[in-house]
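Asker: One structure, pasted below without further comment.
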Amino acid sequence: MPARRDKTPPTPTALGYRMPAEWEPHAATWIAWPHFRGDWPGKFDPIPWVYAEIIRHLVRSERVELIVNDSTAEQKARKTLDRASIPLTNLCFHRWTTDRVWTRDSGCIFLTQRSVGASDSPARAESKTRLLALHFRFNAWAQYPNYAHDAKLGARMARNAGAKLANPAAGKQRVVLEGGSIDVNGRGLLLTTEECLLSNVQERNPGFSRPDYEGLFEDSFGVHKVLWMGNGIAGDDTHGHVDDITRFVADETILTMVEPNSNDPNHDPLDENLRRLASATDAAGKKFRIVEIPMPSPVYFAGRRLPASYANFYIANEVVLVPVFNDPNDRIALNILVDLFPTRDIVPIYSRDFIWGFGAMHCMTQQQPL
């Protein structure tokens, strides 16, 4: 009797895919043009101009895939970009309806395939598609009811990019995961937080444990070690996204936010994360280089603390877009990033109005690797 064949499809890792680090070459950056005034109540008018400034710097070195709700929205975007003297030659428009603009979380996550060698498994050798898009289930951070359009965005991005599409699942249930909740170095290491993934507040995947997530990351991203931070920052309505606190900036270098003011609610959580990083090692037992950046002074609007952080920067091909807040620590953060990214221009983006939407440069972008 012939042996029974395993019907479980091979994982992305088994097929030789991995999630590249953000600083690896991009083919494009995906952005959704702002339209939902409810994300910036009373402050929406300057937001399209912030987008224009971001696009101005991105189109210098990579294509911008710009998502607009409809033809009217496209006309408004074109008019704004034209008035800002931004060329459209490296920009593509997509008329897809979205609920919000945070493509880091609602969009797909692109993986690339390592070159196939003679010793690779048959499953890996048989995979011919270089670009794979992981389309996790999106549920608006387990917080907002209006996400039906955003939940379809990842599949649309994948089709446009010509990527093979995968829908990660646990049993029959698709897994919820946002791009802002993880950060990778492209060499098998991943950062995340317990507050976001393991808390029962804004719970993404009820019943999911730490080993469940670590297995998911191993199978989906080619990750062999997870560095767990504790909590995120005050004001973060995602409940602990790591891209507001701690980021890889090189294979063995991690940037992390600190709060010197012991009376600030961010002091203790960020101090705890720093302690965890100080004792962390890579898979070979090597310590990381840890770089600290002080938080900006608290930013409030309408009586609410906002998640203002320099860690929400975006690394593009030739620039690093950094949120700044007209704060004395802006210069400290920018100078540190200049040293960390000597081959890229460090571009400050004024974000004191933008952060009222509870996101910044990293939240609004999603890279498509080469």
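The chains in the structure tokens are called A, B, ... from first to last as shown; in each chain the residues are counted from 1, and the ligands are counted from 1 in the order shown.
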List as a ChimeraX atom specification the protein and nucleic acid residues near stretch 81-97 of chain A, meaning an atom at most 6 Å away when only C-alpha atoms are counted, but skip any in the same chain fewer than 3 places from it.

Answerer: /A:52,56,59,63-70,78

Asker: Taking the DSSP assignment computed from this structure's backbone, write out as a PyMOL selection string all residues of stretch 189-332 of chain A that belong to alpha helix (DSSP H).

Answerer: chain A and resi 194-197+210-221+267-279+329-332

Asker: Could you pull out the strand (DSSP E) residues of stretch 274-364 of chain A from DSSP and send them as a list of chain:residue names?

Answerer: A:Arg289, A:Ile290, A:Val291, A:Glu292, A:Ile293, A:Pro294, A:Tyr300, A:Phe301, A:Arg304, A:Arg305, A:Tyr314, A:Ile315, A:Val319, A:Val320, A:Leu321, A:Val322, A:Pro323, A:Val324, A:Asp345, A:Ile346, A:Val347, A:Pro348, A:Ile349, A:Tyr350

Asker: Mind dumping the selected residues with N, CA and C atoms as a short mmCIF file (atom, residue, chain, number, x, y, z; two decimals), in the first residue's frame?

Answerer:
data_model
loop_
_atom_site.label_atom_id
_atom_site.label_comp_id
_atom_site.auth_asym_id
_atom_site.auth_seq_id
_atom_site.Cartn_x
_atom_site.Cartn_y
_atom_site.Cartn_z
N ARG A 289 23.75 45.30 19.98
CA ARG A 289 24.07 46.70 20.24
C ARG A 289 22.74 47.42 20.46
N ILE A 290 22.56 48.03 21.61
CA ILE A 290 21.31 48.70 21.95
C ILE A 290 21.53 50.21 21.91
N VAL A 291 20.71 50.91 21.14
CA VAL A 291 20.78 52.36 20.99
C VAL A 291 19.51 52.95 21.59
N GLU A 292 19.67 53.91 22.49
CA GLU A 292 18.53 54.51 23.18
C GLU A 292 18.20 55.88 22.59
N ILE A 293 16.91 56.17 22.44
CA ILE A 293 16.45 57.51 22.05
C ILE A 293 15.41 57.97 23.06
N PRO A 294 15.55 59.18 23.60
CA PRO A 294 14.55 59.67 24.55
C PRO A 294 13.24 60.01 23.86
N TYR A 300 -0.62 66.05 23.68
CA TYR A 300 -2.04 65.89 24.00
C TYR A 300 -2.88 66.67 22.98
N PHE A 301 -4.06 66.15 22.72
CA PHE A 301 -5.04 66.92 21.95
C PHE A 301 -6.42 66.48 22.43
N ARG A 304 -6.50 64.09 25.28
CA ARG A 304 -6.05 62.71 25.15
C ARG A 304 -4.56 62.64 24.88
N ARG A 305 -3.87 61.78 25.55
CA ARG A 305 -2.45 61.52 25.29
C ARG A 305 -2.33 60.78 23.97
N TYR A 314 10.10 55.32 9.08
CA TYR A 314 10.01 54.39 7.95
C TYR A 314 11.32 54.43 7.17
N ILE A 315 11.90 53.26 6.93
CA ILE A 315 13.17 53.15 6.21
C ILE A 315 12.87 52.86 4.75
N VAL A 319 15.98 57.18 1.94
CA VAL A 319 15.64 58.10 3.02
C VAL A 319 15.09 57.33 4.22
N VAL A 320 15.15 57.96 5.38
CA VAL A 320 14.42 57.50 6.56
C VAL A 320 13.50 58.64 6.96
N LEU A 321 12.20 58.37 6.93
CA LEU A 321 11.19 59.38 7.27
C LEU A 321 10.91 59.30 8.76
N VAL A 322 11.13 60.40 9.47
CA VAL A 322 11.08 60.38 10.93
C VAL A 322 10.03 61.36 11.44
N PRO A 323 9.08 60.90 12.25
CA PRO A 323 8.11 61.85 12.84
C PRO A 323 8.80 62.75 13.86
N VAL A 324 8.56 64.04 13.76
CA VAL A 324 9.08 65.00 14.75
C VAL A 324 7.92 65.85 15.25
N ASP A 345 19.34 59.66 3.60
CA ASP A 345 18.98 60.98 4.11
C ASP A 345 17.95 60.81 5.23
N ILE A 346 18.18 61.47 6.33
CA ILE A 346 17.23 61.44 7.45
C ILE A 346 16.30 62.64 7.30
N VAL A 347 15.02 62.36 7.05
CA VAL A 347 14.06 63.41 6.71
C VAL A 347 13.04 63.57 7.83
N PRO A 348 13.05 64.71 8.52
CA PRO A 348 12.03 64.94 9.55
C PRO A 348 10.68 65.29 8.93
N ILE A 349 9.63 64.68 9.42
CA ILE A 349 8.26 64.97 8.98
C ILE A 349 7.48 65.48 10.19
N TYR A 350 7.06 66.74 10.12
CA TYR A 350 6.33 67.31 11.24
C TYR A 350 5.03 66.54 11.45
#

Asker: Tell me which protein, DNA and RNA residues are within 9 Å of A:Val258, counting only C-alpha atoms, leaving out same-chain ones fewer than 5 positions away, and put them as a PyMOL selection string.

Answerer: chain A and resi 245+266-267+269-271+273-274+292-295

Asker: Restricting the calculation to only C-alpha atoms: of A:Met364, A:Ala148, A:Ala166, A:Ala158, which residue gets closest to A:Pro12?

Answerer: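 Among the listed residues, A:Ala166 lies closest to A:Pro12.
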
Asker: Rank nothing, just name the residue among A:Val223, A:Ala234, A:Leu132, A:Met361 nearest to A:Ala163, using only C-alpha atoms.

Answerer: A:Leu132

Asker: Need the shell around A:Ser309: protein/DNA/RNA residues with any atom at most 12 Å away, counting only C-alpha atoms. Skip same-chain ones fewer than 5 positions apart. Format as a ChimeraX atom specification?

Answerer: /A:232-236,241-247,256-259,266,270,293-299,322-325,327,329-330,333,351-352,355,358-363

Asker: Convert the current residue selection to file output with N, CA and C atoms, as a CSV table (one decimal), in the first residue's frame.

Answerer:
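Everything below was put into selection-v9.csv:
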chain,number,residue,atom,x,y,z
A,232,GLY,N,3.7,48.6,25.4
A,232,GLY,CA,3.9,49.7,24.5
A,232,GLY,C,3.8,51.0,25.3
A,233,ILE,N,3.5,52.1,24.5
A,233,ILE,CA,3.5,53.4,25.1
A,233,ILE,C,2.1,53.9,25.4
A,234,ALA,N,2.0,54.9,26.2
A,234,ALA,CA,0.7,55.5,26.6
A,234,ALA,C,0.1,56.1,25.3
A,235,GLY,N,-1.2,56.0,25.2
A,235,GLY,CA,-1.8,56.7,24.0
A,235,GLY,C,-2.0,55.8,22.8
A,236,ASP,N,-1.3,54.6,22.8
A,236,ASP,CA,-1.3,53.8,21.6
A,236,ASP,C,-2.6,53.0,21.6
A,241,HIS,N,1.7,48.1,20.0
A,241,HIS,CA,2.5,47.8,18.8
A,241,HIS,C,4.0,48.1,19.1
A,242,VAL,N,4.8,47.2,18.6
A,242,VAL,CA,6.2,47.4,18.8
A,242,VAL,C,6.9,48.5,18.0
A,243,ASP,N,6.2,48.9,16.9
A,243,ASP,CA,6.9,49.9,16.1
A,243,ASP,C,6.8,51.3,16.7
A,244,ASP,N,6.2,51.4,17.9
A,244,ASP,CA,6.3,52.7,18.6
A,244,ASP,C,7.4,52.7,19.7
A,245,ILE,N,8.0,51.5,19.9
A,245,ILE,CA,8.9,51.5,21.0
A,245,ILE,C,10.3,50.9,20.7
A,246,THR,N,10.4,49.9,19.8
A,246,THR,CA,11.7,49.2,19.7
A,246,THR,C,11.7,48.6,18.2
A,247,ARG,N,12.9,49.0,17.6
A,247,ARG,CA,13.0,48.6,16.1
A,247,ARG,C,14.4,48.1,15.8
A,256,THR,N,15.8,51.5,20.8
A,256,THR,CA,14.7,51.5,21.7
A,256,THR,C,14.4,52.8,22.3
A,257,MET,N,13.2,53.1,22.6
A,257,MET,CA,12.8,54.4,23.2
A,257,MET,C,12.9,54.3,24.7
A,258,VAL,N,13.3,55.4,25.3
A,258,VAL,CA,13.4,55.5,26.8
A,258,VAL,C,12.7,56.7,27.3
A,259,GLU,N,12.3,56.7,28.5
A,259,GLU,CA,11.6,57.9,29.1
A,259,GLU,C,12.3,58.2,30.4
A,266,ASN,N,5.2,56.3,30.7
A,266,ASN,CA,6.1,55.5,29.9
A,266,ASN,C,7.4,55.1,30.5
A,270,LEU,N,9.1,51.3,29.4
A,270,LEU,CA,10.2,51.4,28.5
A,270,LEU,C,11.5,51.0,29.2
A,293,ILE,N,16.9,56.2,22.4
A,293,ILE,CA,16.4,57.5,22.0
A,293,ILE,C,15.4,58.0,23.1
A,294,PRO,N,15.6,59.2,23.6
A,294,PRO,CA,14.5,59.7,24.6
A,294,PRO,C,13.2,60.0,23.9
A,295,MET,N,12.2,59.7,24.5
A,295,MET,CA,10.8,60.1,24.0
A,295,MET,C,10.7,61.6,23.9
A,296,PRO,N,9.8,62.1,23.0
A,296,PRO,CA,9.5,63.5,23.0
A,296,PRO,C,8.6,63.8,24.2
A,297,SER,N,8.5,65.0,24.5
A,297,SER,CA,7.5,65.4,25.6
A,297,SER,C,6.1,65.0,25.2
A,298,PRO,N,5.3,64.7,26.2
A,298,PRO,CA,3.9,64.2,25.9
A,298,PRO,C,3.2,65.2,25.0
A,299,VAL,N,2.5,64.6,24.0
A,299,VAL,CA,1.6,65.3,23.1
A,299,VAL,C,0.2,65.0,23.4
A,322,VAL,N,11.1,60.4,9.5
A,322,VAL,CA,11.1,60.4,10.9
A,322,VAL,C,10.0,61.4,11.4
A,323,PRO,N,9.1,60.9,12.3
A,323,PRO,CA,8.1,61.8,12.8
A,323,PRO,C,8.8,62.7,13.9
A,324,VAL,N,8.6,64.0,13.8
A,324,VAL,CA,9.1,65.0,14.7
A,324,VAL,C,7.9,65.8,15.2
A,325,PHE,N,8.1,66.5,16.4
A,325,PHE,CA,7.0,67.1,17.1
A,325,PHE,C,7.3,68.5,17.6
A,327,ASP,N,9.9,69.5,19.3
A,327,ASP,CA,10.3,69.1,20.6
A,327,ASP,C,11.8,69.2,20.7
A,329,ASN,N,13.9,67.2,21.9
A,329,ASN,CA,14.4,65.8,21.6
A,329,ASN,C,14.4,65.5,20.2
A,330,ASP,N,13.7,66.2,19.3
A,330,ASP,CA,13.7,66.0,17.9
A,330,ASP,C,15.2,65.9,17.4
A,333,ALA,N,17.1,62.7,18.4
A,333,ALA,CA,16.6,61.6,17.6
A,333,ALA,C,17.2,61.6,16.2
A,351,SER,N,4.8,66.0,12.7
A,351,SER,CA,3.8,65.1,12.9
A,351,SER,C,2.9,65.4,14.1
A,352,ARG,N,3.0,66.6,14.6
A,352,ARG,CA,2.2,66.9,15.8
A,352,ARG,C,0.7,66.9,15.5
A,355,ILE,N,-0.2,62.9,14.3
A,355,ILE,CA,-0.3,61.8,15.3
A,355,ILE,C,-1.6,61.8,16.0
A,358,PHE,N,-3.4,58.7,15.6
A,358,PHE,CA,-2.8,57.6,16.4
A,358,PHE,C,-1.8,56.7,15.6
A,359,GLY,N,-1.2,57.3,14.5
A,359,GLY,CA,-0.2,56.6,13.8
A,359,GLY,C,0.8,57.6,13.1
A,360,ALA,N,1.9,57.2,12.6
A,360,ALA,CA,2.8,58.1,12.0
A,360,ALA,C,3.4,57.4,10.8
A,361,MET,N,4.7,57.7,10.4
A,361,MET,CA,5.2,57.2,9.1
A,361,MET,C,5.2,55.7,8.9
A,362,HIS,N,5.5,55.0,10.0
A,362,HIS,CA,5.6,53.5,9.8
A,362,HIS,C,4.2,52.9,9.7
A,363,CYS,N,3.3,53.5,10.4
A,363,CYS,CA,1.9,53.0,10.4
A,363,CYS,C,1.2,53.1,9.0

Asker: What is the atom CA of A:Asn200-atom CA of A:Val101 distance in Å, reported with one decimal?

Answerer: 25.7 Å

Asker: Please determine, counting only C-alpha atoms, which residue among A:Ala302, A:Leu189, A:Leu111, A:Ala77 has the shortest atom-to-atom distance to A:Glu218.

Answerer: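 Closest candidate: A:Leu189.
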
Asker: Please build the interface table for stretch 17-101 of chain A against stretch 206-217 of chain A with a cut-off of 12 Å, listing for each qualifying residue the nearest atom pair and the distance in Å to one decimal; count only C-alpha atoms, order rows by chain and increasing number, and write it as JSON lines.

Answerer:
{"residue": "A:Tyr17", "atom": "CA", "partner": "A:Phe217", "partner_atom": "CA", "distance": 11.9}
{"residue": "A:Arg18", "atom": "CA", "partner": "A:Phe217", "partner_atom": "CA", "distance": 10.1}
{"residue": "A:Met19", "atom": "CA", "partner": "A:Phe217", "partner_atom": "CA", "distance": 10.0}

Asker: For the selection just defined, write its residues with N, CA and C atoms to a file, as a short mmCIF file (atom, residue, chain, number, x, y, z; two decimals), in the first residue's frame.

Answerer:
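The result, stored in selection-v4.cif:
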data_model
loop_
_atom_site.label_atom_id
_atom_site.label_comp_id
_atom_site.auth_asym_id
_atom_site.auth_seq_id
_atom_site.Cartn_x
_atom_site.Cartn_y
_atom_site.Cartn_z
N TYR A 17 10.83 31.07 1.82
CA TYR A 17 10.51 32.49 1.92
C TYR A 17 10.94 33.05 3.27
N ARG A 18 11.17 34.34 3.31
CA ARG A 18 11.49 35.05 4.54
C ARG A 18 10.96 36.47 4.43
N MET A 19 10.79 37.11 5.57
CA MET A 19 10.42 38.52 5.58
C MET A 19 11.69 39.35 5.63
#

Asker: Smallest atom-to-atom distance to A:Trp141: which of A:Leu197, A:Leu190, A:Val184, A:Ala170, using only C-alpha atoms?

Answerer: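 Once distances to A:Trp141 are computed over only C-alpha atoms, the minimum belongs to A:Leu197.
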
Asker: Taking 5 positions as the minimum chain separation for residues in the same chain, which residues sit within 12 Å of A:Gln202 when counting only C-alpha atoms? Answer as number ranges by chain.

Answerer: A: 139-144, 176, 195-197, 236-241

Asker: Output N, CA and C atoms for every residue in that selection, as an mmCIF file, in the first residue's frame.

Answerer:
data_model
loop_
_atom_site.group_PDB
_atom_site.id
_atom_site.type_symbol
_atom_site.label_atom_id
_atom_site.label_comp_id
_atom_site.auth_asym_id
_atom_site.auth_seq_id
_atom_site.Cartn_x
_atom_site.Cartn_y
_atom_site.Cartn_z
ATOM 1 N N ASN A 139 -8.880 42.926 11.699
ATOM 2 C CA ASN A 139 -10.135 43.201 12.429
ATOM 3 C C ASN A 139 -10.097 44.555 13.130
ATOM 4 N N ALA A 140 -9.337 45.507 12.562
ATOM 5 C CA ALA A 140 -9.267 46.881 13.076
ATOM 6 C C ALA A 140 -8.816 46.922 14.519
ATOM 7 N N TRP A 141 -7.744 46.142 14.803
ATOM 8 C CA TRP A 141 -7.122 46.151 16.129
ATOM 9 C C TRP A 141 -8.090 45.708 17.225
ATOM 10 N N ALA A 142 -9.070 44.891 16.822
ATOM 11 C CA ALA A 142 -10.080 44.407 17.777
ATOM 12 C C ALA A 142 -10.709 45.568 18.533
ATOM 13 N N GLN A 143 -10.936 46.692 17.807
ATOM 14 C CA GLN A 143 -11.422 47.885 18.475
ATOM 15 C C GLN A 143 -12.505 48.636 17.709
ATOM 16 N N TYR A 144 -12.374 48.722 16.371
ATOM 17 C CA TYR A 144 -13.309 49.531 15.588
ATOM 18 C C TYR A 144 -14.206 48.632 14.732
ATOM 19 N N VAL A 176 -5.186 36.682 12.969
ATOM 20 C CA VAL A 176 -5.136 38.146 12.974
ATOM 21 C C VAL A 176 -3.727 38.579 13.354
ATOM 22 N N GLU A 195 2.037 42.807 25.428
ATOM 23 C CA GLU A 195 0.802 43.574 25.581
ATOM 24 C C GLU A 195 -0.103 43.421 24.371
ATOM 25 N N CYS A 196 0.468 43.457 23.176
ATOM 26 C CA CYS A 196 -0.340 43.383 21.962
ATOM 27 C C CYS A 196 -0.829 41.970 21.690
ATOM 28 N N LEU A 197 0.054 40.985 21.785
ATOM 29 C CA LEU A 197 -0.296 39.645 21.313
ATOM 30 C C LEU A 197 -0.796 38.703 22.400
ATOM 31 N N ASP A 236 -1.323 54.635 22.779
ATOM 32 C CA ASP A 236 -1.348 53.764 21.606
ATOM 33 C C ASP A 236 -2.645 52.966 21.593
ATOM 34 N N ASP A 237 -3.537 53.273 20.650
ATOM 35 C CA ASP A 237 -4.829 52.591 20.647
ATOM 36 C C ASP A 237 -4.763 51.204 20.022
ATOM 37 N N THR A 238 -3.580 50.780 19.556
ATOM 38 C CA THR A 238 -3.417 49.403 19.088
ATOM 39 C C THR A 238 -3.129 48.454 20.248
ATOM 40 N N HIS A 239 -2.902 48.994 21.436
ATOM 41 C CA HIS A 239 -2.590 48.222 22.630
ATOM 42 C C HIS A 239 -1.245 47.509 22.479
ATOM 43 N N GLY A 240 -0.201 48.315 22.215
ATOM 44 C CA GLY A 240 1.143 47.779 22.357
ATOM 45 C C GLY A 240 1.911 47.437 21.102
ATOM 46 N N HIS A 241 1.689 48.120 19.986
ATOM 47 C CA HIS A 241 2.489 47.843 18.801
ATOM 48 C C HIS A 241 3.966 48.130 19.052
#

Asker: Looking at A:Gly186, A:Gly107, A:Pro328, A:Gly303, which one is nearest to A:Glu24, with distances taken over only C-alpha atoms?

Answerer: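 Closest to A:Glu24 of all the choices is A:Gly186.
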
Asker: Could you check how far atom CA of A:His26 sits from atom CA of A:Ala316, in Å to one decimal?

Answerer: 7.2 Å
